[in-house]
>>> print(open('input-v5.pdb').read())   # PDB, C-alpha atoms and all ligand atoms
MODEL        1
ATOM      1  CA  MET A   2       5.194  28.969   2.124  1.00  0.00           C
ATOM      2  CA  ASN A   3       8.292  29.709   4.143  1.00  0.00           C
ATOM      3  CA  GLN A   4      11.115  27.305   4.930  1.00  0.00           C
ATOM      4  CA  ASP A   5      10.083  26.976   8.590  1.00  0.00           C
ATOM      5  CA  ILE A   6       6.799  25.389   7.559  1.00  0.00           C
ATOM      6  CA  HIS A   7       8.562  22.892   5.273  1.00  0.00           C
ATOM      7  CA  ALA A   8      10.949  22.059   8.126  1.00  0.00           C
ATOM      8  CA  ARG A   9       8.037  21.589  10.529  1.00  0.00           C
ATOM      9  CA  TYR A  10       6.245  19.173   8.184  1.00  0.00           C
ATOM     10  CA  MET A  11       9.480  17.309   7.497  1.00  0.00           C
ATOM     11  CA  GLN A  12      10.185  17.010  11.206  1.00  0.00           C
ATOM     12  CA  ARG A  13       6.736  15.408  11.605  1.00  0.00           C
ATOM     13  CA  ALA A  14       7.581  12.913   8.837  1.00  0.00           C
ATOM     14  CA  ILE A  15      10.859  12.144  10.611  1.00  0.00           C
ATOM     15  CA  ASN A  16       9.016  11.680  13.915  1.00  0.00           C
ATOM     16  CA  LEU A  17       6.651   9.238  12.160  1.00  0.00           C
ATOM     17  CA  ALA A  18       9.702   7.334  10.884  1.00  0.00           C
ATOM     18  CA  LYS A  19      11.095   7.095  14.415  1.00  0.00           C
ATOM     19  CA  LYS A  20       7.741   5.960  15.815  1.00  0.00           C
ATOM     20  CA  SER A  21       7.555   3.383  13.035  1.00  0.00           C
ATOM     21  CA  VAL A  22      10.827   1.845  14.196  1.00  0.00           C
ATOM     22  CA  GLU A  23       9.450   1.610  17.743  1.00  0.00           C
ATOM     23  CA  ALA A  24       6.233   0.024  16.429  1.00  0.00           C
ATOM     24  CA  GLY A  25       8.113  -2.645  14.462  1.00  0.00           C
ATOM     25  CA  GLY A  26       7.881  -1.058  11.018  1.00  0.00           C
ATOM     26  CA  GLY A  27      10.603   0.218   8.708  1.00  0.00           C
ATOM     27  CA  PRO A  28      12.270   3.577   9.461  1.00  0.00           C
ATOM     28  CA  PHE A  29      10.180   5.662   7.084  1.00  0.00           C
ATOM     29  CA  GLY A  30       7.426   8.233   7.646  1.00  0.00           C
ATOM     30  CA  ALA A  31       5.423  10.515   5.371  1.00  0.00           C
ATOM     31  CA  LEU A  32       2.615  13.007   5.436  1.00  0.00           C
ATOM     32  CA  ILE A  33       0.451  14.753   2.881  1.00  0.00           C
ATOM     33  CA  VAL A  34      -0.482  18.419   3.102  1.00  0.00           C
ATOM     34  CA  LYS A  35      -3.134  20.344   1.174  1.00  0.00           C
ATOM     35  CA  ASP A  36      -3.771  24.084   1.504  1.00  0.00           C
ATOM     36  CA  GLY A  37      -1.685  24.247   4.662  1.00  0.00           C
ATOM     37  CA  GLU A  38      -3.588  21.408   6.358  1.00  0.00           C
ATOM     38  CA  VAL A  39      -2.201  17.947   7.103  1.00  0.00           C
ATOM     39  CA  VAL A  40      -4.471  15.519   5.243  1.00  0.00           C
ATOM     40  CA  ALA A  41      -2.906  12.220   6.296  1.00  0.00           C
ATOM     41  CA  LEU A  42       0.004  10.734   8.223  1.00  0.00           C
ATOM     42  CA  GLY A  43       1.662   7.463   7.305  1.00  0.00           C
ATOM     43  CA  HIS A  44       4.603   5.260   8.002  1.00  0.00           C
ATOM     44  CA  ASN A  45       6.099   2.088   6.640  1.00  0.00           C
ATOM     45  CA  ARG A  46       3.824  -0.907   7.346  1.00  0.00           C
ATOM     46  CA  VAL A  47       5.529  -3.608   5.257  1.00  0.00           C
ATOM     47  CA  THR A  48       6.284  -5.990   8.111  1.00  0.00           C
ATOM     48  CA  LEU A  49       3.287  -4.974  10.249  1.00  0.00           C
ATOM     49  CA  ASP A  50       0.742  -5.580   7.482  1.00  0.00           C
ATOM     50  CA  LYS A  51       2.718  -8.247   5.592  1.00  0.00           C
ATOM     51  CA  ASP A  52       2.398  -5.934   2.581  1.00  0.00           C
ATOM     52  CA  PRO A  53       5.523  -5.294   0.486  1.00  0.00           C
ATOM     53  CA  THR A  54       3.846  -2.260  -1.083  1.00  0.00           C
ATOM     54  CA  ALA A  55       3.063  -0.588   2.259  1.00  0.00           C
ATOM     55  CA  HIS A  56       5.914   1.916   2.101  1.00  0.00           C
ATOM     56  CA  ALA A  57       5.315   5.188   3.962  1.00  0.00           C
ATOM     57  CA  GLU A  58       4.474   7.132   0.809  1.00  0.00           C
ATOM     58  CA  VAL A  59       2.076   4.517  -0.598  1.00  0.00           C
ATOM     59  CA  SER A  60       0.451   4.151   2.830  1.00  0.00           C
ATOM     60  CA  VAL A  61      -0.089   7.893   3.201  1.00  0.00           C
ATOM     61  CA  ILE A  62      -1.348   8.255  -0.392  1.00  0.00           C
ATOM     62  CA  ARG A  63      -3.960   5.548   0.297  1.00  0.00           C
ATOM     63  CA  LYS A  64      -5.058   7.327   3.484  1.00  0.00           C
ATOM     64  CA  ALA A  65      -5.186  10.774   1.873  1.00  0.00           C
ATOM     65  CA  CYS A  66      -7.220   9.478  -1.080  1.00  0.00           C
ATOM     66  CA  LYS A  67      -9.704   7.802   1.261  1.00  0.00           C
ATOM     67  CA  LYS A  68      -9.986  10.933   3.382  1.00  0.00           C
ATOM     68  CA  LEU A  69     -10.438  13.285   0.410  1.00  0.00           C
ATOM     69  CA  ASP A  70     -12.542  10.684  -1.457  1.00  0.00           C
ATOM     70  CA  THR A  71     -10.510  10.970  -4.657  1.00  0.00           C
ATOM     71  CA  PHE A  72      -7.795   9.233  -6.651  1.00  0.00           C
ATOM     72  CA  ASP A  73      -6.290  12.600  -7.644  1.00  0.00           C
ATOM     73  CA  LEU A  74      -4.122  14.413  -5.107  1.00  0.00           C
ATOM     74  CA  SER A  75      -3.494  17.481  -7.261  1.00  0.00           C
ATOM     75  CA  GLY A  76      -2.894  20.424  -4.948  1.00  0.00           C
ATOM     76  CA  CYS A  77      -1.235  18.207  -2.342  1.00  0.00           C
ATOM     77  CA  ASP A  78       2.404  18.047  -1.272  1.00  0.00           C
ATOM     78  CA  ILE A  79       4.146  15.021   0.243  1.00  0.00           C
ATOM     79  CA  TYR A  80       6.804  15.163   2.947  1.00  0.00           C
ATOM     80  CA  THR A  81       8.709  11.910   3.264  1.00  0.00           C
ATOM     81  CA  SER A  82      11.566  11.097   5.609  1.00  0.00           C
ATOM     82  CA  CYS A  83      13.464   9.441   2.735  1.00  0.00           C
ATOM     83  CA  GLU A  84      13.817   9.978  -1.000  1.00  0.00           C
ATOM     84  CA  PRO A  85      11.044   7.904  -2.635  1.00  0.00           C
ATOM     85  CA  CYS A  86      11.866   4.496  -4.083  1.00  0.00           C
ATOM     86  CA  PRO A  87      10.798   3.807  -7.699  1.00  0.00           C
ATOM     87  CA  MET A  88       7.433   2.364  -6.576  1.00  0.00           C
ATOM     88  CA  CYS A  89       6.619   5.344  -4.370  1.00  0.00           C
ATOM     89  CA  LEU A  90       7.871   7.852  -6.914  1.00  0.00           C
ATOM     90  CA  SER A  91       5.552   6.230  -9.456  1.00  0.00           C
ATOM     91  CA  ALA A  92       2.661   6.308  -6.985  1.00  0.00           C
ATOM     92  CA  ILE A  93       3.328  10.016  -6.352  1.00  0.00           C
ATOM     93  CA  TYR A  94       3.170  10.664 -10.098  1.00  0.00           C
ATOM     94  CA  TRP A  95      -0.007   8.585 -10.501  1.00  0.00           C
ATOM     95  CA  ALA A  96      -1.554  10.566  -7.635  1.00  0.00           C
ATOM     96  CA  HIS A  97      -0.607  13.900  -9.307  1.00  0.00           C
ATOM     97  CA  ILE A  98       0.974  15.249  -6.138  1.00  0.00           C
ATOM     98  CA  ASP A  99       2.385  18.771  -6.688  1.00  0.00           C
ATOM     99  CA  ASN A 100       5.629  18.780  -4.679  1.00  0.00           C
ATOM    100  CA  ILE A 101       7.940  16.255  -3.006  1.00  0.00           C
ATOM    101  CA  TYR A 102      10.057  17.080   0.047  1.00  0.00           C
ATOM    102  CA  TYR A 103      12.407  14.370   1.292  1.00  0.00           C
ATOM    103  CA  GLY A 104      14.879  13.962   4.151  1.00  0.00           C
ATOM    104  CA  CYS A 105      17.317  11.049   3.796  1.00  0.00           C
ATOM    105  CA  THR A 106      18.671  10.228   0.346  1.00  0.00           C
ATOM    106  CA  LYS A 107      18.416   6.903  -1.472  1.00  0.00           C
ATOM    107  CA  ALA A 108      22.173   6.505  -0.791  1.00  0.00           C
ATOM    108  CA  ASP A 109      21.452   6.858   2.960  1.00  0.00           C
ATOM    109  CA  ALA A 110      18.779   4.150   2.609  1.00  0.00           C
ATOM    110  CA  LYS A 111      21.196   1.887   0.747  1.00  0.00           C
ATOM    111  CA  ASP A 112      23.704   2.297   3.599  1.00  0.00           C
ATOM    112  CA  ILE A 113      21.258   0.707   6.051  1.00  0.00           C
ATOM    113  CA  GLY A 114      20.150  -2.122   3.734  1.00  0.00           C
ATOM    114  CA  PHE A 115      17.325  -0.614   1.673  1.00  0.00           C
ATOM    115  CA  ASP A 116      18.861  -0.705  -1.785  1.00  0.00           C
ATOM    116  CA  ASP A 117      16.370   0.675  -4.245  1.00  0.00           C
ATOM    117  CA  SER A 118      19.155   1.839  -6.568  1.00  0.00           C
ATOM    118  CA  PHE A 119      19.056  -1.756  -7.824  1.00  0.00           C
ATOM    119  CA  ILE A 120      15.430  -1.247  -8.914  1.00  0.00           C
ATOM    120  CA  TYR A 121      16.220   2.115 -10.510  1.00  0.00           C
ATOM    121  CA  ASP A 122      18.903   0.292 -12.533  1.00  0.00           C
ATOM    122  CA  GLN A 123      16.456  -2.481 -13.486  1.00  0.00           C
ATOM    123  CA  ILE A 124      13.982   0.028 -14.904  1.00  0.00           C
ATOM    124  CA  ASP A 125      16.570   1.202 -17.424  1.00  0.00           C
ATOM    125  CA  LEU A 126      17.049  -2.344 -18.791  1.00  0.00           C
ATOM    126  CA  LYS A 127      14.982  -3.977 -21.528  1.00  0.00           C
ATOM    127  CA  PRO A 128      12.471  -6.421 -19.959  1.00  0.00           C
ATOM    128  CA  GLU A 129      14.405  -9.486 -21.162  1.00  0.00           C
ATOM    129  CA  LYS A 130      17.571  -8.184 -19.471  1.00  0.00           C
ATOM    130  CA  ARG A 131      16.019  -7.725 -15.998  1.00  0.00           C
ATOM    131  CA  SER A 132      16.814 -10.020 -13.071  1.00  0.00           C
ATOM    132  CA  ILE A 133      13.188 -11.229 -12.800  1.00  0.00           C
ATOM    133  CA  PRO A 134      12.513 -13.342 -15.903  1.00  0.00           C
ATOM    134  CA  THR A 135       9.881 -11.463 -17.904  1.00  0.00           C
ATOM    135  CA  SER A 136       7.911 -12.936 -20.824  1.00  0.00           C
ATOM    136  CA  HIS A 137       5.711 -11.130 -23.314  1.00  0.00           C
ATOM    137  CA  ILE A 138       2.717 -13.334 -24.234  1.00  0.00           C
ATOM    138  CA  LEU A 139      -0.905 -13.088 -25.537  1.00  0.00           C
ATOM    139  CA  ARG A 140      -0.642  -9.434 -26.567  1.00  0.00           C
ATOM    140  CA  ASP A 141      -3.564  -9.581 -28.993  1.00  0.00           C
ATOM    141  CA  GLN A 142      -5.894 -11.068 -26.356  1.00  0.00           C
ATOM    142  CA  ALA A 143      -4.659  -8.591 -23.749  1.00  0.00           C
ATOM    143  CA  LEU A 144      -5.375  -5.704 -26.116  1.00  0.00           C
ATOM    144  CA  GLU A 145      -9.080  -6.668 -26.090  1.00  0.00           C
ATOM    145  CA  ALA A 146      -9.410  -5.019 -22.650  1.00  0.00           C
ATOM    146  CA  PHE A 147      -7.835  -1.863 -24.057  1.00  0.00           C
ATOM    147  CA  HIS A 148     -10.269  -1.859 -26.976  1.00  0.00           C
ATOM    148  CA  LEU A 149     -13.169  -2.111 -24.515  1.00  0.00           C
ATOM    149  CA  TRP A 150     -11.736   0.858 -22.611  1.00  0.00           C
ATOM    150  CA  VAL A 151     -11.293   3.004 -25.728  1.00  0.00           C
ATOM    151  CA  ALA A 152     -14.849   2.242 -26.873  1.00  0.00           C
ATOM    152  CA  LYS A 153     -16.456   2.927 -23.472  1.00  0.00           C
ATOM    153  CA  ASP A 154     -18.217   6.297 -23.406  1.00  0.00           C
ATOM    154  CA  ASP A 155     -18.867   6.590 -19.659  1.00  0.00           C
ATOM    155  CA  LYS A 156     -15.428   5.706 -18.308  1.00  0.00           C
ATOM    156  CA  THR A 157     -13.753   7.508 -15.430  1.00  0.00           C
ATOM    157  CA  GLU A 158     -10.442   8.654 -16.854  1.00  0.00           C
ATOM    158  CA  TYR A 159      -7.425   9.041 -14.637  1.00  0.00           C
TER     159      TYR A 159
HETATM  160 ZN    ZN B 201       8.841   3.231  -1.538  1.00  0.00          ZN
ENDMDL
END
>>> encode(input="input-v5.pdb", output="structure tokens")
Amino acid sequence: MNQDIHARYMQRAINLAKKSVEAGGGPFGALIVKDGEVVALGHNRVTLDKDPTAHAEVSVIRKACKKLDTFDLSGCDIYTSCEPCPMCLSAIYWAHIDNIYYGCTKADAKDIGFDDSFIYDQIDLKPEKRSIPTSHILRDQALEAFHLWVAKDDKTEY
């Protein structure tokens, strides 16, 4: 795939980010491509949907999975107008997306009030050191669900 094609997809993600601002969402857009075809377009819908997880990347992953009827986006690439936050980066890994192309950096996002570097820093801390008080309780009971999973013969692994 040549650079022009990457630039064209990225420009579409940027256009989605701009449209999102006009529509009342955050300034982030993303799209997913498979085999040279655009599978899904998405933009930030946090304020529109009252959903703190509705970042552009998560939104477009949900749409692409619905469209392709799968939870595995292997073979897909994501173009996002901004470097993914920790949640979106995790979602991209869970979705098994092949390649990430991003426009703005996380430092650019921090400059306009979207500071996910704080969350990146939190991930490195032990749970008891994080800013949200975190307690570890009922491990043995919680493990019962894992034992059921391990013993289940007909599970759908992901
Ligand atoms: Zn995100």
>>> resolve_selection(input="input-v5.pdb", expression="the PyMOL selection byres (((chain A and resi 99) around 10) and not hetatm)", output="PDB file with C-alpha atoms, in the frame of the given file")
ATOM      1  CA  LYS A  35      -3.134  20.344   1.174  1.00  0.00           C
ATOM      2  CA  LEU A  74      -4.122  14.413  -5.107  1.00  0.00           C
ATOM      3  CA  SER A  75      -3.494  17.481  -7.261  1.00  0.00           C
ATOM      4  CA  GLY A  76      -2.894  20.424  -4.948  1.00  0.00           C
ATOM      5  CA  CYS A  77      -1.235  18.207  -2.342  1.00  0.00           C
ATOM      6  CA  ASP A  78       2.404  18.047  -1.272  1.00  0.00           C
ATOM      7  CA  ILE A  79       4.146  15.021   0.243  1.00  0.00           C
ATOM      8  CA  ILE A  93       3.328  10.016  -6.352  1.00  0.00           C
ATOM      9  CA  TYR A  94       3.170  10.664 -10.098  1.00  0.00           C
ATOM     10  CA  ALA A  96      -1.554  10.566  -7.635  1.00  0.00           C
ATOM     11  CA  HIS A  97      -0.607  13.900  -9.307  1.00  0.00           C
ATOM     12  CA  ILE A  98       0.974  15.249  -6.138  1.00  0.00           C
ATOM     13  CA  ASN A 100       5.629  18.780  -4.679  1.00  0.00           C
ATOM     14  CA  ILE A 101       7.940  16.255  -3.006  1.00  0.00           C
TER      15      ILE A 101
END
>>> closest_residue(input="input-v5.pdb", among="A:Thr106, A:Asn3, A:Gln12, A:Asn45", to="ligand ZN 201 (chain B)", atoms="all atoms listed in the file")
A:Asn45
>>> resolve_selection(input="input-v5.pdb", expression="the PyMOL selection byres (((not hetatm)) within 7 of (chain B and resi 201))", output="number ranges by chain")
A: 56-59, 85-89
>>> write_last_selection(input="input-v5.pdb", atoms="C-alpha atoms", output="mmCIF file, in the frame of the given file")
data_model
loop_
_atom_site.group_PDB
_atom_site.id
_atom_site.type_symbol
_atom_site.label_atom_id
_atom_site.label_comp_id
_atom_site.auth_asym_id
_atom_site.auth_seq_id
_atom_site.Cartn_x
_atom_site.Cartn_y
_atom_site.Cartn_z
ATOM 1 C CA HIS A 56 5.914 1.916 2.101
ATOM 2 C CA ALA A 57 5.315 5.188 3.962
ATOM 3 C CA GLU A 58 4.474 7.132 0.809
ATOM 4 C CA VAL A 59 2.076 4.517 -0.598
ATOM 5 C CA PRO A 85 11.044 7.904 -2.635
ATOM 6 C CA CYS A 86 11.866 4.496 -4.083
ATOM 7 C CA PRO A 87 10.798 3.807 -7.699
ATOM 8 C CA MET A 88 7.433 2.364 -6.576
ATOM 9 C CA CYS A 89 6.619 5.344 -4.370
#
>>> resolve_selection(input="input-v5.pdb", expression="the PyMOL selection byres (((chain A and resi 37) around 10) and not hetatm)", output="list of chain:residue names")
A:Met2, A:Ile6, A:Ile33, A:Val34, A:Lys35, A:Asp36, A:Glu38, A:Val39, A:Val40, A:Cys77, A:Asp78
>>> atom_distance(input="input-v5.pdb", atom1="CA of Thr48 (chain A)", atom2="CA of Gly27 (chain A)")
7.6 Å
>>> atom_distance(input="input-v5.pdb", atom1="CA of Tyr159 (chain A)", atom2="CA of Arg131 (chain A)")
28.9 Å
>>> atom_distance(input="input-v5.pdb", atom1="CA of Tyr102 (chain A)", atom2="CA of Tyr80 (chain A)")
4.8 Å
>>> residues_around(input="input-v5.pdb", residues="Cys83 (chain A)", least_positions_apart="4", cutoff="8 Å", atoms="all atoms listed in the file", output="PyMOL selection string")
chain A and resi 29-30+103-107+110
>>> residues_around(input="input-v5.pdb", residues="Ala14 (chain A)", least_positions_apart="2", cutoff="9 Å", atoms="only C-alpha atoms", output="PyMOL selection string")
chain A and resi 9-12+16-19+29-32+42-44+80-82+104
>>> build_atoms(input="input-v5.pdb", residues="region 119-130 of chain A", atoms="all heavy atoms", output="PDB file, in the coordinates of the input")
ATOM      1  N   PHE A 119      19.130  -0.564  -6.989  1.00  0.00           N
ATOM      2  CA  PHE A 119      19.056  -1.756  -7.824  1.00  0.00           C
ATOM      3  C   PHE A 119      17.808  -1.717  -8.712  1.00  0.00           C
ATOM      4  O   PHE A 119      17.867  -2.040  -9.904  1.00  0.00           O
ATOM      5  CB  PHE A 119      19.031  -3.011  -6.939  1.00  0.00           C
ATOM      6  CG  PHE A 119      18.775  -4.282  -7.693  1.00  0.00           C
ATOM      7  CD1 PHE A 119      19.759  -4.838  -8.496  1.00  0.00           C
ATOM      8  CD2 PHE A 119      17.541  -4.919  -7.621  1.00  0.00           C
ATOM      9  CE1 PHE A 119      19.517  -6.009  -9.208  1.00  0.00           C
ATOM     10  CE2 PHE A 119      17.294  -6.085  -8.324  1.00  0.00           C
ATOM     11  CZ  PHE A 119      18.291  -6.625  -9.119  1.00  0.00           C
ATOM     12  N   ILE A 120      16.679  -1.293  -8.137  1.00  0.00           N
ATOM     13  CA  ILE A 120      15.430  -1.247  -8.914  1.00  0.00           C
ATOM     14  C   ILE A 120      15.489  -0.125  -9.944  1.00  0.00           C
ATOM     15  O   ILE A 120      15.061  -0.292 -11.088  1.00  0.00           O
ATOM     16  CB  ILE A 120      14.205  -1.090  -7.990  1.00  0.00           C
ATOM     17  CG1 ILE A 120      14.153  -2.233  -6.970  1.00  0.00           C
ATOM     18  CG2 ILE A 120      12.920  -1.075  -8.828  1.00  0.00           C
ATOM     19  CD1 ILE A 120      13.066  -2.085  -5.917  1.00  0.00           C
ATOM     20  N   TYR A 121      16.040   1.033  -9.534  1.00  0.00           N
ATOM     21  CA  TYR A 121      16.220   2.115 -10.510  1.00  0.00           C
ATOM     22  C   TYR A 121      17.024   1.611 -11.710  1.00  0.00           C
ATOM     23  O   TYR A 121      16.701   1.895 -12.858  1.00  0.00           O
ATOM     24  CB  TYR A 121      16.940   3.314  -9.881  1.00  0.00           C
ATOM     25  CG  TYR A 121      16.034   4.273  -9.126  1.00  0.00           C
ATOM     26  CD1 TYR A 121      15.989   4.296  -7.741  1.00  0.00           C
ATOM     27  CD2 TYR A 121      15.228   5.175  -9.823  1.00  0.00           C
ATOM     28  CE1 TYR A 121      15.168   5.184  -7.059  1.00  0.00           C
ATOM     29  CE2 TYR A 121      14.403   6.059  -9.157  1.00  0.00           C
ATOM     30  CZ  TYR A 121      14.379   6.067  -7.773  1.00  0.00           C
ATOM     31  OH  TYR A 121      13.561   6.937  -7.113  1.00  0.00           O
ATOM     32  N   ASP A 122      18.073   0.827 -11.437  1.00  0.00           N
ATOM     33  CA  ASP A 122      18.903   0.292 -12.533  1.00  0.00           C
ATOM     34  C   ASP A 122      18.106  -0.689 -13.388  1.00  0.00           C
ATOM     35  O   ASP A 122      18.248  -0.721 -14.611  1.00  0.00           O
ATOM     36  CB  ASP A 122      20.140  -0.416 -11.970  1.00  0.00           C
ATOM     37  CG  ASP A 122      21.101   0.558 -11.307  1.00  0.00           C
ATOM     38  OD1 ASP A 122      20.988   1.777 -11.565  1.00  0.00           O
ATOM     39  OD2 ASP A 122      21.955   0.106 -10.525  1.00  0.00           O
ATOM     40  N   GLN A 123      17.260  -1.502 -12.751  1.00  0.00           N
ATOM     41  CA  GLN A 123      16.456  -2.481 -13.486  1.00  0.00           C
ATOM     42  C   GLN A 123      15.499  -1.800 -14.467  1.00  0.00           C
ATOM     43  O   GLN A 123      15.268  -2.302 -15.570  1.00  0.00           O
ATOM     44  CB  GLN A 123      15.638  -3.332 -12.499  1.00  0.00           C
ATOM     45  CG  GLN A 123      16.472  -4.323 -11.713  1.00  0.00           C
ATOM     46  CD  GLN A 123      16.844  -5.534 -12.554  1.00  0.00           C
ATOM     47  OE1 GLN A 123      15.983  -6.225 -13.080  1.00  0.00           O
ATOM     48  NE2 GLN A 123      18.127  -5.778 -12.693  1.00  0.00           N
ATOM     49  N   ILE A 124      14.950  -0.676 -14.058  1.00  0.00           N
ATOM     50  CA  ILE A 124      13.982   0.028 -14.904  1.00  0.00           C
ATOM     51  C   ILE A 124      14.611   0.426 -16.234  1.00  0.00           C
ATOM     52  O   ILE A 124      13.955   0.398 -17.272  1.00  0.00           O
ATOM     53  CB  ILE A 124      13.410   1.256 -14.155  1.00  0.00           C
ATOM     54  CG1 ILE A 124      12.483   0.784 -13.028  1.00  0.00           C
ATOM     55  CG2 ILE A 124      12.660   2.188 -15.108  1.00  0.00           C
ATOM     56  CD1 ILE A 124      12.070   1.871 -12.057  1.00  0.00           C
ATOM     57  N   ASP A 125      15.888   0.776 -16.202  1.00  0.00           N
ATOM     58  CA  ASP A 125      16.570   1.202 -17.424  1.00  0.00           C
ATOM     59  C   ASP A 125      16.820   0.055 -18.408  1.00  0.00           C
ATOM     60  O   ASP A 125      17.101   0.295 -19.583  1.00  0.00           O
ATOM     61  CB  ASP A 125      17.927   1.841 -17.077  1.00  0.00           C
ATOM     62  CG  ASP A 125      17.754   3.245 -16.505  1.00  0.00           C
ATOM     63  OD1 ASP A 125      16.678   3.832 -16.698  1.00  0.00           O
ATOM     64  OD2 ASP A 125      18.705   3.727 -15.863  1.00  0.00           O
ATOM     65  N   LEU A 126      16.746  -1.195 -17.928  1.00  0.00           N
ATOM     66  CA  LEU A 126      17.049  -2.344 -18.791  1.00  0.00           C
ATOM     67  C   LEU A 126      15.835  -2.736 -19.617  1.00  0.00           C
ATOM     68  O   LEU A 126      14.692  -2.506 -19.219  1.00  0.00           O
ATOM     69  CB  LEU A 126      17.474  -3.543 -17.932  1.00  0.00           C
ATOM     70  CG  LEU A 126      18.728  -3.360 -17.068  1.00  0.00           C
ATOM     71  CD1 LEU A 126      18.920  -4.594 -16.181  1.00  0.00           C
ATOM     72  CD2 LEU A 126      19.956  -3.130 -17.937  1.00  0.00           C
ATOM     73  N   LYS A 127      16.077  -3.381 -20.771  1.00  0.00           N
ATOM     74  CA  LYS A 127      14.982  -3.977 -21.528  1.00  0.00           C
ATOM     75  C   LYS A 127      14.414  -5.119 -20.697  1.00  0.00           C
ATOM     76  O   LYS A 127      15.162  -5.768 -19.951  1.00  0.00           O
ATOM     77  CB  LYS A 127      15.508  -4.524 -22.859  1.00  0.00           C
ATOM     78  CG  LYS A 127      15.892  -3.436 -23.857  1.00  0.00           C
ATOM     79  CD  LYS A 127      16.153  -4.085 -25.209  1.00  0.00           C
ATOM     80  CE  LYS A 127      16.645  -3.129 -26.258  1.00  0.00           C
ATOM     81  NZ  LYS A 127      15.973  -1.865 -26.404  1.00  0.00           N
ATOM     82  N   PRO A 128      13.090  -5.380 -20.808  1.00  0.00           N
ATOM     83  CA  PRO A 128      12.471  -6.421 -19.959  1.00  0.00           C
ATOM     84  C   PRO A 128      13.241  -7.739 -19.947  1.00  0.00           C
ATOM     85  O   PRO A 128      13.417  -8.346 -18.881  1.00  0.00           O
ATOM     86  CB  PRO A 128      11.082  -6.584 -20.574  1.00  0.00           C
ATOM     87  CG  PRO A 128      10.776  -5.244 -21.157  1.00  0.00           C
ATOM     88  CD  PRO A 128      12.110  -4.710 -21.651  1.00  0.00           C
ATOM     89  N   GLU A 129      13.725  -8.185 -21.105  1.00  0.00           N
ATOM     90  CA  GLU A 129      14.405  -9.486 -21.162  1.00  0.00           C
ATOM     91  C   GLU A 129      15.774  -9.475 -20.487  1.00  0.00           C
ATOM     92  O   GLU A 129      16.360 -10.519 -20.258  1.00  0.00           O
ATOM     93  CB  GLU A 129      14.511  -9.992 -22.607  1.00  0.00           C
ATOM     94  CG  GLU A 129      15.289  -9.107 -23.556  1.00  0.00           C
ATOM     95  CD  GLU A 129      14.445  -8.026 -24.237  1.00  0.00           C
ATOM     96  OE1 GLU A 129      13.351  -7.683 -23.726  1.00  0.00           O
ATOM     97  OE2 GLU A 129      14.902  -7.498 -25.276  1.00  0.00           O
ATOM     98  N   LYS A 130      16.263  -8.295 -20.131  1.00  0.00           N
ATOM     99  CA  LYS A 130      17.571  -8.184 -19.471  1.00  0.00           C
ATOM    100  C   LYS A 130      17.444  -8.061 -17.942  1.00  0.00           C
ATOM    101  O   LYS A 130      18.447  -8.032 -17.237  1.00  0.00           O
ATOM    102  CB  LYS A 130      18.320  -6.949 -19.987  1.00  0.00           C
ATOM    103  CG  LYS A 130      18.633  -6.965 -21.455  1.00  0.00           C
ATOM    104  CD  LYS A 130      19.838  -7.831 -21.758  1.00  0.00           C
ATOM    105  CE  LYS A 130      20.240  -7.712 -23.213  1.00  0.00           C
ATOM    106  NZ  LYS A 130      21.170  -8.761 -23.615  1.00  0.00           N
TER     107      LYS A 130
END
